[in-house]
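input_28.cif (mmCIF, C-alpha atoms and all ligand atoms)
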```cif
data_my_file
loop_
_atom_site.label_atom_id
_atom_site.label_comp_id
_atom_site.auth_asym_id
_atom_site.auth_seq_id
_atom_site.Cartn_x
_atom_site.Cartn_y
_atom_site.Cartn_z
CA MET Y 21 -0.55 21.95 -8.11
CA ARG Y 22 -3.49 19.62 -8.87
CA LEU Y 23 -2.07 16.32 -10.12
CA VAL Y 24 -5.26 14.29 -10.44
CA GLU Y 25 -8.97 14.62 -9.92
CA VAL Y 26 -10.40 12.06 -7.49
CA LYS Y 27 -14.17 11.79 -7.05
CA PRO Y 28 -15.85 10.55 -3.88
CA VAL Y 29 -17.20 7.00 -4.20
CA ASP Y 30 -20.94 6.55 -4.80
CA ARG Y 31 -22.74 7.04 -1.42
CA ASN Y 32 -26.05 5.94 -2.87
CA ILE Y 33 -24.68 2.57 -4.06
CA LEU Y 34 -22.88 2.18 -0.74
CA GLN Y 35 -26.16 2.47 1.21
CA GLN Y 36 -27.96 0.15 -1.22
CA ALA Y 37 -25.11 -2.38 -1.03
CA ARG Y 38 -25.28 -2.37 2.79
CA LYS Y 39 -29.02 -2.97 2.60
CA LYS Y 40 -28.52 -5.77 0.05
CA MET Y 41 -25.85 -7.37 2.26
CA ASP Y 42 -28.17 -7.21 5.29
CA ASN Y 43 -30.79 -9.19 3.31
CA LYS Y 44 -28.42 -12.08 2.52
CA THR Y 45 -29.05 -15.46 4.18
CA LYS Y 46 -26.81 -14.97 7.23
CA PRO Y 47 -27.17 -13.37 10.63
CA LEU Y 48 -26.75 -9.60 10.35
CA GLY Y 49 -23.08 -8.57 10.24
CA SER Y 50 -21.83 -12.16 10.47
CA LEU Y 51 -19.33 -11.83 7.60
CA GLY Y 52 -17.61 -9.13 9.63
CA MET Y 53 -15.24 -6.88 7.73
CA LEU Y 54 -15.84 -8.82 4.47
CA GLU Y 55 -19.25 -7.12 4.34
CA GLU Y 56 -17.76 -3.63 4.51
CA ILE Y 57 -15.12 -4.60 1.94
CA ALA Y 58 -17.76 -5.85 -0.51
CA CYS Y 59 -19.96 -2.79 -0.05
CA ARG Y 60 -17.11 -0.36 -0.55
CA VAL Y 61 -15.94 -2.20 -3.69
CA ALA Y 62 -19.56 -1.93 -4.92
CA ALA Y 63 -19.53 1.82 -4.25
CA ILE Y 64 -16.18 2.22 -6.02
CA GLN Y 65 -17.35 0.19 -9.03
CA LYS Y 66 -20.83 1.82 -8.97
CA THR Y 67 -22.62 -1.53 -9.12
CA LEU Y 68 -24.53 -3.80 -6.72
CA THR Y 69 -22.85 -6.81 -8.38
CA PRO Y 70 -19.15 -6.01 -7.84
CA PHE Y 71 -16.39 -8.25 -9.20
CA VAL Y 72 -12.64 -8.84 -8.92
CA ARG Y 73 -11.27 -10.44 -12.09
CA GLU Y 74 -8.15 -8.66 -13.40
CA VAL Y 75 -5.47 -7.78 -10.86
CA VAL Y 76 -2.33 -5.85 -11.77
CA VAL Y 77 0.73 -5.70 -9.52
CA VAL Y 78 3.51 -3.19 -10.19
CA VAL Y 79 6.65 -3.61 -8.09
CA PHE Y 80 8.34 -0.19 -7.76
CA ALA Y 81 12.10 -0.41 -7.29
CA GLY Y 82 14.67 2.15 -6.19
CA ASP Y 83 17.91 2.53 -4.26
CA HIS Y 84 18.64 4.64 -1.19
CA GLY Y 85 21.77 6.68 -0.44
CA ILE Y 86 21.20 6.26 3.32
CA VAL Y 87 22.38 2.63 2.98
CA GLU Y 88 25.97 4.07 3.21
CA GLU Y 89 25.27 4.64 6.91
CA GLY Y 90 24.82 0.93 7.72
CA VAL Y 91 21.03 0.96 8.27
CA SER Y 92 20.23 -2.30 6.43
CA LEU Y 93 21.40 -5.88 6.90
CA TYR Y 94 21.72 -6.41 3.15
CA PRO Y 95 24.00 -4.76 0.59
CA GLN Y 96 22.58 -2.23 -1.83
CA GLU Y 97 23.13 -4.41 -4.91
CA VAL Y 98 20.31 -6.71 -3.70
CA THR Y 99 17.78 -4.17 -5.08
CA GLY Y 100 18.92 -4.69 -8.70
CA GLN Y 101 19.48 -8.41 -8.15
CA MET Y 102 15.91 -8.80 -6.87
CA VAL Y 103 14.58 -6.87 -9.88
CA ALA Y 104 16.27 -9.51 -12.08
CA ASN Y 105 14.66 -12.19 -9.90
CA PHE Y 106 11.17 -10.60 -10.32
CA LEU Y 107 11.71 -10.53 -14.09
CA ARG Y 108 12.66 -14.23 -14.09
CA GLY Y 109 9.54 -15.02 -12.02
CA GLY Y 110 11.43 -16.37 -9.00
CA ALA Y 111 10.47 -14.05 -6.11
CA ALA Y 112 7.73 -14.59 -3.52
CA VAL Y 113 5.49 -12.00 -5.18
CA ASN Y 114 5.78 -13.84 -8.53
CA VAL Y 115 4.69 -17.09 -6.90
CA PHE Y 116 1.75 -15.44 -5.12
CA ALA Y 117 0.75 -13.52 -8.26
CA ARG Y 118 0.66 -16.79 -10.22
CA GLU Y 119 -1.44 -18.34 -7.44
CA VAL Y 120 -4.16 -15.66 -7.78
CA GLY Y 121 -3.75 -15.08 -11.53
CA ALA Y 122 -2.44 -11.50 -11.21
CA LYS Y 123 -0.31 -9.79 -13.86
CA LEU Y 124 3.05 -8.55 -12.58
CA LEU Y 125 5.21 -5.69 -13.84
CA VAL Y 126 8.31 -4.01 -12.40
CA ALA Y 127 8.94 -0.26 -12.52
CA ASP Y 128 12.54 0.90 -12.26
CA MET Y 129 12.15 4.28 -10.55
CA GLY Y 130 15.75 4.60 -9.41
CA VAL Y 131 17.76 1.39 -9.18
CA LYS Y 132 21.56 1.92 -9.18
CA GLY Y 133 23.17 0.70 -12.38
CA GLU Y 134 21.77 -0.48 -15.67
CA LEU Y 135 19.03 -3.08 -15.89
CA PRO Y 136 18.61 -5.24 -19.01
CA SER Y 137 15.45 -4.47 -20.97
CA HIS Y 138 12.57 -6.90 -20.49
CA PRO Y 139 8.90 -6.85 -21.58
CA ALA Y 140 7.74 -6.70 -17.94
CA LEU Y 141 10.15 -3.89 -16.97
CA ILE Y 142 8.87 -0.32 -17.14
CA ASN Y 143 11.84 2.02 -17.37
CA CYS Y 144 11.10 5.16 -15.36
CA LYS Y 145 14.51 5.72 -13.82
CA VAL Y 146 14.60 9.28 -12.45
CA ARG Y 147 18.14 8.96 -11.09
CA SER Y 148 20.44 6.17 -9.83
CA GLY Y 149 19.11 6.07 -6.26
CA SER Y 150 18.28 8.82 -3.77
CA ARG Y 151 20.99 10.82 -1.96
CA ASN Y 152 22.13 10.07 1.60
CA PHE Y 153 19.61 12.02 3.73
CA LEU Y 154 21.86 12.10 6.78
CA ARG Y 155 24.02 14.54 4.76
CA GLU Y 156 21.70 16.22 2.22
CA GLN Y 157 18.14 16.29 0.90
CA ALA Y 158 17.40 12.87 -0.66
CA LEU Y 159 15.72 14.25 -3.79
CA THR Y 160 15.09 17.57 -5.52
CA ARG Y 161 11.54 18.89 -5.93
CA GLU Y 162 11.80 18.16 -9.65
CA GLU Y 163 12.87 14.54 -9.06
CA VAL Y 164 9.97 14.03 -6.64
CA GLU Y 165 7.43 15.50 -9.05
CA THR Y 166 8.78 13.48 -11.96
CA ALA Y 167 8.57 10.22 -9.97
CA VAL Y 168 5.02 10.98 -8.74
CA ARG Y 169 3.86 11.84 -12.28
CA LYS Y 170 5.40 8.63 -13.65
CA GLY Y 171 3.53 6.66 -10.98
CA ILE Y 172 0.25 8.29 -12.05
CA GLU Y 173 1.01 7.43 -15.70
CA ILE Y 174 1.81 3.81 -14.80
CA ALA Y 175 -1.57 3.46 -13.05
CA SER Y 176 -3.44 4.95 -16.04
CA GLU Y 177 -1.57 2.94 -18.64
CA TYR Y 178 -1.30 -0.49 -17.00
CA GLY Y 179 -4.24 -0.32 -14.57
CA LYS Y 180 -7.06 0.94 -16.78
CA ASP Y 181 -8.44 -2.55 -17.50
CA ALA Y 182 -7.78 -3.97 -14.02
CA ASP Y 183 -10.32 -4.31 -11.22
CA VAL Y 184 -7.71 -4.18 -8.45
CA LEU Y 185 -4.36 -2.36 -8.51
CA ILE Y 186 -1.45 -3.32 -6.25
CA ALA Y 187 1.88 -1.55 -5.78
CA GLY Y 188 4.74 -3.59 -4.37
CA GLU Y 189 8.21 -2.22 -3.62
CA MET Y 190 11.83 -3.27 -3.59
CA GLY Y 191 14.55 -1.03 -2.20
CA ILE Y 192 17.31 -1.88 0.23
CA GLY Y 193 17.18 0.85 2.92
CA ASN Y 194 13.58 1.87 2.24
CA THR Y 195 12.29 1.16 5.78
CA SER Y 196 14.52 4.10 6.78
CA SER Y 197 12.83 6.45 4.29
CA ALA Y 198 9.39 5.10 5.21
CA THR Y 199 10.02 5.59 8.96
CA LEU Y 200 10.90 9.26 8.51
CA LEU Y 201 8.06 9.94 6.05
CA LEU Y 202 5.56 8.37 8.44
CA SER Y 203 7.01 10.17 11.43
CA GLY Y 204 6.62 13.45 9.50
CA VAL Y 205 3.07 12.79 8.26
CA CYS Y 206 1.66 11.12 11.36
CA GLY Y 207 3.56 13.14 13.99
CA ILE Y 208 4.74 9.94 15.73
CA PRO Y 209 8.32 10.11 17.13
CA VAL Y 210 11.03 8.43 15.01
CA LYS Y 211 12.12 6.24 17.94
CA VAL Y 212 8.60 4.73 18.15
CA LEU Y 213 8.51 3.87 14.44
CA VAL Y 214 12.06 2.67 13.77
CA GLY Y 215 12.29 -1.10 13.28
CA ARG Y 216 14.51 -3.96 12.17
CA GLY Y 217 13.64 -3.84 8.45
CA THR Y 218 15.29 -6.81 6.76
CA GLY Y 219 16.34 -8.13 10.21
CA LEU Y 220 18.79 -5.93 12.14
CA ASP Y 221 20.06 -7.16 15.52
CA ASP Y 222 19.79 -4.96 18.64
CA THR Y 223 23.14 -3.20 18.08
CA MET Y 224 22.34 -2.39 14.45
CA LEU Y 225 18.83 -1.26 15.41
CA ARG Y 226 20.26 1.21 17.96
CA HIS Y 227 22.60 2.55 15.27
CA LYS Y 228 19.72 2.89 12.75
CA ALA Y 229 17.61 4.74 15.36
CA LYS Y 230 20.47 7.19 15.95
CA VAL Y 231 21.04 7.80 12.21
CA LEU Y 232 17.31 8.31 11.59
CA SER Y 233 16.77 10.65 14.56
CA GLN Y 234 19.75 12.77 13.46
CA SER Y 235 18.52 12.83 9.86
CA PHE Y 236 15.03 13.88 10.95
CA HIS Y 237 16.44 16.89 12.76
CA ARG Y 238 18.93 17.84 10.05
CA ARG Y 239 16.61 17.83 7.02
CA ARG Y 240 14.34 20.65 5.89
CA PHE Y 241 10.66 19.88 5.38
CA ASP Y 242 7.22 21.16 6.13
CA ARG Y 243 5.10 18.36 7.54
CA HIS Y 244 2.04 19.84 5.82
CA ASP Y 245 3.77 19.71 2.43
CA PRO Y 246 4.01 16.00 1.48
CA PHE Y 247 6.30 16.75 -1.47
CA SER Y 248 8.83 18.36 0.89
CA LEU Y 249 8.88 15.16 2.97
CA LEU Y 250 9.73 13.14 -0.16
CA GLU Y 251 12.47 15.67 -1.00
CA ALA Y 252 13.94 15.27 2.47
CA PHE Y 253 13.79 11.47 2.79
CA GLY Y 254 13.07 9.93 -0.64
CA GLY Y 255 12.78 7.46 -2.10
CA LEU Y 256 12.06 7.26 -5.78
CA GLU Y 257 10.08 3.98 -5.59
CA ILE Y 258 7.98 5.44 -2.76
CA ALA Y 259 7.28 8.60 -4.79
CA GLY Y 260 6.28 6.36 -7.72
CA MET Y 261 3.85 4.47 -5.47
CA VAL Y 262 2.37 7.78 -4.25
CA GLY Y 263 1.59 8.59 -7.89
CA PHE Y 264 0.28 5.07 -8.53
CA TYR Y 265 -2.23 5.36 -5.65
CA LEU Y 266 -3.31 8.82 -6.79
CA GLY Y 267 -3.69 7.48 -10.34
CA ALA Y 268 -5.64 4.42 -9.19
CA ALA Y 269 -8.09 6.57 -7.21
CA ALA Y 270 -8.45 8.98 -10.15
CA LEU Y 271 -9.30 6.01 -12.41
CA GLY Y 272 -11.93 4.97 -9.85
CA LYS Y 273 -10.16 1.68 -9.06
CA VAL Y 274 -9.81 -0.36 -5.89
CA PHE Y 275 -6.21 -0.46 -4.69
CA VAL Y 276 -4.62 -2.56 -1.96
CA VAL Y 277 -1.78 -1.14 0.15
CA ASP Y 278 0.82 -3.74 1.12
CA GLY Y 279 3.05 -3.27 4.22
CA PHE Y 280 5.09 -0.66 6.07
CA ILE Y 281 6.71 1.09 3.10
CA ALA Y 282 3.51 0.99 1.05
CA THR Y 283 1.67 2.56 4.01
CA ALA Y 284 4.16 5.45 3.94
CA ALA Y 285 3.37 6.00 0.24
CA TYR Y 286 -0.36 5.80 1.01
CA ALA Y 287 -0.06 8.32 3.87
CA ILE Y 288 1.70 10.78 1.53
CA ALA Y 289 -0.88 10.22 -1.24
CA LYS Y 290 -3.68 10.86 1.27
CA GLU Y 291 -2.03 14.12 2.33
CA ILE Y 292 -1.96 15.18 -1.32
CA GLU Y 293 -5.55 14.07 -2.02
CA PRO Y 294 -7.63 12.99 1.02
CA LEU Y 295 -10.24 11.22 -1.17
CA VAL Y 296 -7.76 8.44 -2.08
CA LYS Y 297 -8.73 6.81 1.21
CA GLU Y 298 -12.15 5.88 -0.20
CA TYR Y 299 -10.44 3.58 -2.77
CA ALA Y 300 -7.83 2.05 -0.43
CA PHE Y 301 -7.70 -1.23 1.47
CA LEU Y 302 -4.82 -2.18 3.76
CA ALA Y 303 -3.59 -5.73 3.11
CA HIS Y 304 -1.85 -6.60 6.33
CA LEU Y 305 -0.23 -5.59 9.57
CA SER Y 306 3.50 -5.78 8.95
CA ALA Y 307 5.90 -7.13 11.57
CA GLU Y 308 7.87 -3.90 11.17
CA GLN Y 309 7.80 -2.33 14.63
CA GLY Y 310 6.04 0.96 13.93
CA HIS Y 311 3.32 -0.29 11.60
CA ARG Y 312 0.66 -0.88 14.28
CA ARG Y 313 0.88 2.72 15.57
CA VAL Y 314 0.68 4.12 12.04
CA VAL Y 315 -2.24 1.91 11.07
CA GLU Y 316 -4.17 3.05 14.16
CA LYS Y 317 -3.36 6.68 13.48
CA LEU Y 318 -4.50 6.42 9.85
CA GLY Y 319 -7.69 4.52 10.84
CA LEU Y 320 -6.89 1.60 8.52
CA PHE Y 321 -8.09 -1.99 8.92
CA PRO Y 322 -5.42 -4.60 8.09
CA ILE Y 323 -7.17 -7.51 6.35
CA LEU Y 324 -4.42 -9.99 7.31
CA GLN Y 325 -2.00 -10.33 10.21
CA LEU Y 326 0.61 -12.95 9.35
CA GLY Y 327 3.81 -11.51 10.81
CA MET Y 328 5.06 -10.78 7.28
CA ARG Y 329 7.69 -8.12 6.53
CA LEU Y 330 8.79 -8.87 3.00
CA GLY Y 331 7.25 -6.11 0.91
CA GLU Y 332 7.18 -6.67 -2.90
CA GLY Y 333 3.35 -6.50 -2.67
CA THR Y 334 3.19 -10.03 -1.21
CA GLY Y 335 0.62 -9.26 1.51
CA ALA Y 336 -1.59 -7.33 -0.90
CA VAL Y 337 -1.61 -10.16 -3.46
CA LEU Y 338 -2.65 -12.59 -0.71
CA THR Y 339 -5.82 -10.56 -0.06
CA VAL Y 340 -7.09 -11.11 -3.61
CA PRO Y 341 -8.93 -14.39 -2.84
CA LEU Y 342 -10.60 -12.67 0.14
CA LEU Y 343 -11.65 -9.67 -1.96
CA ARG Y 344 -13.04 -12.04 -4.58
CA ALA Y 345 -14.96 -14.02 -1.96
CA ALA Y 346 -16.31 -10.83 -0.36
CA VAL Y 347 -17.68 -9.36 -3.60
CA ARG Y 348 -19.11 -12.71 -4.66
CA ALA Y 349 -21.05 -12.83 -1.37
CA LEU Y 350 -22.70 -9.52 -2.27
CA SER Y 351 -23.20 -10.44 -5.93
CA GLU Y 352 -24.26 -14.08 -5.64
CA MET Y 353 -25.64 -15.03 -2.19
CA ALA Y 354 -29.37 -15.64 -1.93
CA SER Y 355 -31.49 -13.21 0.06
CA PHE Y 356 -33.93 -14.33 2.77
CA ASP Y 357 -36.78 -13.84 0.27
CA ASP Y 358 -35.02 -15.72 -2.58
CA ALA Y 359 -34.29 -18.73 -0.40
CA ALA Y 360 -37.45 -18.60 1.77
CA VAL Y 361 -35.35 -18.53 4.94
CA SER Y 362 -36.98 -16.97 8.02
CA ARG Y 363 -35.63 -13.68 9.27
CA ALA Y 364 -34.54 -12.87 12.84
CA LYS Y 365 -37.32 -12.82 15.44
CA LYS Y 366 -36.40 -9.32 16.49
CA ASN Y 367 -35.07 -6.51 14.34
CA ILE Y 368 -31.84 -5.84 16.22
CA LYS Y 369 -29.72 -3.25 14.39
CA ILE Y 370 -26.46 -5.14 14.68
CA PHE Y 371 -24.65 -7.01 17.42
CA GLN Y 372 -23.15 -4.14 19.44
CA LYS Y 373 -19.63 -5.55 19.77
CA THR Y 374 -19.38 -6.16 16.02
CA LEU Y 375 -20.55 -2.61 15.40
CA ASP Y 376 -18.00 -1.19 17.84
CA PHE Y 377 -15.23 -3.23 16.26
CA PHE Y 378 -15.92 -2.71 12.58
CA GLY Y 379 -17.82 0.58 12.72
CA LYS Y 380 -14.67 2.62 13.16
CA TYR Y 381 -13.28 1.11 9.95
CA ALA Y 382 -16.23 2.17 7.81
CA ILE Y 383 -14.32 4.78 5.81
CA ILE Y 384 -17.52 6.52 4.75
O1 LIG Y 401 6.56 -4.34 3.63
C1 LIG Y 401 7.05 -4.32 4.77
O2 LIG Y 401 6.35 -4.16 5.77
C2 LIG Y 401 8.55 -4.49 4.88
C3 LIG Y 401 9.14 -4.45 6.15
C4 LIG Y 401 10.51 -4.62 6.23
C5 LIG Y 401 11.29 -4.78 5.07
N1 LIG Y 401 10.69 -4.80 3.85
C6 LIG Y 401 11.51 -4.98 2.62
O3 LIG Y 401 12.87 -4.98 2.94
C7 LIG Y 401 13.61 -3.96 2.27
C8 LIG Y 401 13.87 -2.81 3.19
O4 LIG Y 401 14.45 -3.20 4.40
P1 LIG Y 401 15.76 -2.42 4.94
O5 LIG Y 401 16.15 -3.15 6.19
O6 LIG Y 401 16.78 -2.57 3.86
O7 LIG Y 401 15.33 -1.03 5.17
C9 LIG Y 401 12.72 -3.51 1.14
O8 LIG Y 401 13.10 -4.14 -0.06
C10 LIG Y 401 11.31 -3.89 1.57
O9 LIG Y 401 10.58 -4.39 0.48
C11 LIG Y 401 9.35 -4.66 3.74
C1 LIG Y 402 16.45 -10.99 -0.47
C2 LIG Y 402 15.50 -9.82 -0.29
C3 LIG Y 402 14.26 -9.85 -0.94
C4 LIG Y 402 13.38 -8.76 -0.77
N1 LIG Y 402 12.16 -8.48 -1.25
C5 LIG Y 402 11.76 -7.31 -0.79
N2 LIG Y 402 12.70 -6.84 0.00
C6 LIG Y 402 13.73 -7.69 0.05
C7 LIG Y 402 14.94 -7.66 0.71
C8 LIG Y 402 15.83 -8.73 0.54
C9 LIG Y 402 17.14 -8.71 1.28
#
```

Translate this file's structure into structure tokens.
Ligand SMILES: O=C(O)c1ccc[n+]([C@@H]2O[C@H](COP(=O)([O-])O)[C@@H](O)[C@H]2O)c1
Ligand SMILES: Cc1cc2nc[nH]c2cc1C
Amino acid sequence: MRLVEVKPVDRNILQQARKKMDNKTKPLGSLGMLEEIACRVAAIQKTLTPFVREVVVVVFAGDHGIVEEGVSLYPQEVTGQMVANFLRGGAAVNVFAREVGAKLLVADMGVKGELPSHPALINCKVRSGSRNFLREQALTREEVETAVRKGIEIASEYGKDADVLIAGEMGIGNTSSATLLLSGVCGIPVKVLVGRGTGLDDTMLRHKAKVLSQSFHRRRFDRHDPFSLLEAFGGLEIAGMVGFYLGAAALGKVFVVDGFIATAAYAIAKEIEPLVKEYAFLAHLSAEQGHRRVVEKLGLFPILQLGMRLGEGTGAVLTVPLLRAAVRALSEMASFDDAAVSRAKKNIKIFQKTLDFFGKYAII
């Protein structure tokens, strides 16, 4: 089943952008990863004067049946309560979105109970939360496909005029789903990836690890079929984000992946369509225990490392000023010729350590 068509980003513009960046009035490579970010945005946007003006954030929300097993510190009703908070503008992601001038929407993919209608609420409820995956498959194939398709539609409808698309998430229990999805996709043992989520103590963490290891062995899935992983472990907001990333890449838009749960959605989207990676940036290294291993395995470069573990898209929104600064450097800085600044005395390709460090993160 081909859900979307994603094209590779423009290699020609990428090479020209790198050349343009090398001619800016700075020692070669001295803006570090910002240079690679700017050049890749240029290649995505097919222009040597890239820009980041409109930013759209969609917070995907859903509940998780596994919460019955005592794997989160917070009660399930917090998911719906936080959705109400997003709609009133009172959550961290609202504050950060206002700071960078981003538009924020919330997508109800599967929150338990009714939510009042609101202009910023997109109603895509597939069912009232996923099933408890310790006991049964979290979702049916049909529910997974519906949620992924809705995510694609959300990207096309609300992201078509944006320069950067961000998916946030809200779902009590979703670090449990994300841990098992990532363990399945990346082939990293559950016990290495399981973490404290919203803040479990040691006893609760041991219990969560036991529940997740048992679930991983009990459920049916084929690790090479990403849809089967979503059927086994959910959740609906994660499936929606998978679609959103696929849709963003199909639109030819830059998208920024937030934290641990968002990385699980990204990993699934990349399994479905490997070219999505050319459009993706990773916002930050989450404090959630397993994130570092996953990020290394997926070859992603976290732009920030702030010890955050909130989700909602908060880390991704915080990268917007850096993305804007990076593309402005490529678009607006003077070249050596423009500014009559002398070039290096010797044509050294690039400082070797910088190359070793950043080279492995050059996606293309
Ligand atoms: O984004 C992250 O890296 C992250 C790490 C830990 C927790 N969270 C958030 O916390 C909730 C899930 O935590 P838990 O303990 O209920 O599985 C969910 O609403 C996420 O948005 C988010
Ligand atoms: C209060 C609260 C806010 C959140 N935002 C994202 N995940 C969250 C989890 C909790 C518990």

- [ ] Find the spatial neighbours of stretch 35-51 of chain Y, counting all atoms listed in the file, within a cut-off of 8 Å - ignore same-chain residues fewer than 3 positions away - and output them as a count of residues only.
- [x] 20

Six-sided padding of 3 Å per side, axis-aligned box over stretch 156-171 of chain Y, centre and edges in Å, one decimal, as lines of an AutoDock Vina configuration file:
```
center_x = 12.6
center_y = 12.8
center_z = -5.7
size_x = 24.2
size_y = 18.2
size_z = 21.9
```

Which chains and residue numbers are within 12 Å of ligand LIG 402 (chain Y), counting all atoms listed in the file, if I want them as a PDB file with C-alpha atoms, in the coordinates of the input?
```pdb
ATOM      1  CA  VAL Y  79       6.650  -3.610  -8.090  1.00  0.00           C
ATOM      2  CA  PHE Y  80       8.340  -0.190  -7.760  1.00  0.00           C
ATOM      3  CA  ALA Y  81      12.100  -0.410  -7.290  1.00  0.00           C
ATOM      4  CA  GLY Y  82      14.670   2.150  -6.190  1.00  0.00           C
ATOM      5  CA  ASP Y  83      17.910   2.530  -4.260  1.00  0.00           C
ATOM      6  CA  SER Y  92      20.230  -2.300   6.430  1.00  0.00           C
ATOM      7  CA  LEU Y  93      21.400  -5.880   6.900  1.00  0.00           C
ATOM      8  CA  TYR Y  94      21.720  -6.410   3.150  1.00  0.00           C
ATOM      9  CA  PRO Y  95      24.000  -4.760   0.590  1.00  0.00           C
ATOM     10  CA  GLN Y  96      22.580  -2.230  -1.830  1.00  0.00           C
ATOM     11  CA  GLU Y  97      23.130  -4.410  -4.910  1.00  0.00           C
ATOM     12  CA  VAL Y  98      20.310  -6.710  -3.700  1.00  0.00           C
ATOM     13  CA  THR Y  99      17.780  -4.170  -5.080  1.00  0.00           C
ATOM     14  CA  GLY Y 100      18.920  -4.690  -8.700  1.00  0.00           C
ATOM     15  CA  GLN Y 101      19.480  -8.410  -8.150  1.00  0.00           C
ATOM     16  CA  MET Y 102      15.910  -8.800  -6.870  1.00  0.00           C
ATOM     17  CA  VAL Y 103      14.580  -6.870  -9.880  1.00  0.00           C
ATOM     18  CA  ALA Y 104      16.270  -9.510 -12.080  1.00  0.00           C
ATOM     19  CA  ASN Y 105      14.660 -12.190  -9.900  1.00  0.00           C
ATOM     20  CA  PHE Y 106      11.170 -10.600 -10.320  1.00  0.00           C
ATOM     21  CA  GLY Y 110      11.430 -16.370  -9.000  1.00  0.00           C
ATOM     22  CA  ALA Y 111      10.470 -14.050  -6.110  1.00  0.00           C
ATOM     23  CA  ALA Y 112       7.730 -14.590  -3.520  1.00  0.00           C
ATOM     24  CA  VAL Y 113       5.490 -12.000  -5.180  1.00  0.00           C
ATOM     25  CA  ASN Y 114       5.780 -13.840  -8.530  1.00  0.00           C
ATOM     26  CA  GLY Y 188       4.740  -3.590  -4.370  1.00  0.00           C
ATOM     27  CA  GLU Y 189       8.210  -2.220  -3.620  1.00  0.00           C
ATOM     28  CA  MET Y 190      11.830  -3.270  -3.590  1.00  0.00           C
ATOM     29  CA  GLY Y 191      14.550  -1.030  -2.200  1.00  0.00           C
ATOM     30  CA  ILE Y 192      17.310  -1.880   0.230  1.00  0.00           C
ATOM     31  CA  GLY Y 193      17.180   0.850   2.920  1.00  0.00           C
ATOM     32  CA  ASN Y 194      13.580   1.870   2.240  1.00  0.00           C
ATOM     33  CA  THR Y 195      12.290   1.160   5.780  1.00  0.00           C
ATOM     34  CA  GLY Y 217      13.640  -3.840   8.450  1.00  0.00           C
ATOM     35  CA  THR Y 218      15.290  -6.810   6.760  1.00  0.00           C
ATOM     36  CA  GLY Y 219      16.340  -8.130  10.210  1.00  0.00           C
ATOM     37  CA  LEU Y 220      18.790  -5.930  12.140  1.00  0.00           C
ATOM     38  CA  ASP Y 278       0.820  -3.740   1.120  1.00  0.00           C
ATOM     39  CA  GLY Y 279       3.050  -3.270   4.220  1.00  0.00           C
ATOM     40  CA  PHE Y 280       5.090  -0.660   6.070  1.00  0.00           C
ATOM     41  CA  ILE Y 281       6.710   1.090   3.100  1.00  0.00           C
ATOM     42  CA  ALA Y 282       3.510   0.990   1.050  1.00  0.00           C
ATOM     43  CA  MET Y 328       5.060 -10.780   7.280  1.00  0.00           C
ATOM     44  CA  ARG Y 329       7.690  -8.120   6.530  1.00  0.00           C
ATOM     45  CA  LEU Y 330       8.790  -8.870   3.000  1.00  0.00           C
ATOM     46  CA  GLY Y 331       7.250  -6.110   0.910  1.00  0.00           C
ATOM     47  CA  GLU Y 332       7.180  -6.670  -2.900  1.00  0.00           C
ATOM     48  CA  GLY Y 333       3.350  -6.500  -2.670  1.00  0.00           C
ATOM     49  CA  THR Y 334       3.190 -10.030  -1.210  1.00  0.00           C
ATOM     50  CA  GLY Y 335       0.620  -9.260   1.510  1.00  0.00           C
TER      51      GLY Y 335
END
```

- [ ] May I ask for the distance between atom CA of Y:Ala229 and atom CA of Y:Leu305, given in Å to one decimal place?
- [x]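 Computing it gives 21.4 Å between the two atoms.
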
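If all atoms listed in the file are the atoms counted, then among Y:Leu213, Y:Ile292, Y:Leu318, Y:Leu141 the closest residue to ligand LIG 401 (chain Y) is Y:Leu213.
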
Open item on the list: As an exercise, work out the distance from atom CA of Y:Glu25 to atom CA of Y:Ala187 in Å and give it to one decimal place.
Closed with: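 Pair atom CA of Y:Glu25 / atom CA of Y:Ala187 returns 19.9 Å.
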
Task: Contact residues around Y:Val24 with all atoms listed in the file at 10 Å, ignoring same-chain residues under 6 positions, as a PyMOL selection string - done: chain Y and resi 169+172+263+266-271+292-293

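Interatomic distance, atom CA of Y:Leu23 to atom CA of Y:Ile258: 16.5 Å.
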
Task: Residue with smallest distance to Y:Val77 - pool Y:Leu256, Y:Val315, Y:Val277, Y:Ala289, counting only C-alpha atoms - done: Y:Val277

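Of the residues listed (Y:Val91, Y:Ser362, Y:Ser306, Y:Ala349), Y:Val91 shows the shortest atom-to-atom separation from Y:Thr223; distances use only C-alpha atoms.
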
TODO: Point out the residue among Y:Val212, Y:Val164, Y:Leu302, Y:Val26 with the least atom-to-atom distance to ligand LIG 401 (chain Y), counting all atoms listed in the file.
DONE: Y:Leu302

Open item on the list: Nearest residue to ligand LIG 401 (chain Y) out of Y:Arg216, Y:His227, Y:Pro322, Y:Gly85, using all atoms listed in the file?
Closed with: Y:Arg216

Open item on the list: I want to know what sits within 10 Å of Y:Phe236, based on only C-alpha atoms, with residues of the same chain fewer than 6 positions away left out; could you give that as an NGL selection string?
Closed with: :Y and (153-154 or 199-201 or 203-204 or 209-210 or 230 or 252-253)

Open item on the list: Please determine, counting only C-alpha atoms and all ligand atoms, which residue among Y:Leu250, Y:Val296, Y:Ile174, Y:Leu326 has the shortest atom-to-atom distance to ligand LIG 401 (chain Y).
Closed with: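 Closest candidate: Y:Leu326.
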
Open item on the list: Taking (-25.4, -11.4, -9.8) in the coordinates of the supplied file, I want to know which residues reach to within 8 Å of it, counting all atoms listed in the file; could you give the answer as a PyMOL selection string?
Closed with: chain Y and resi 69+351-352
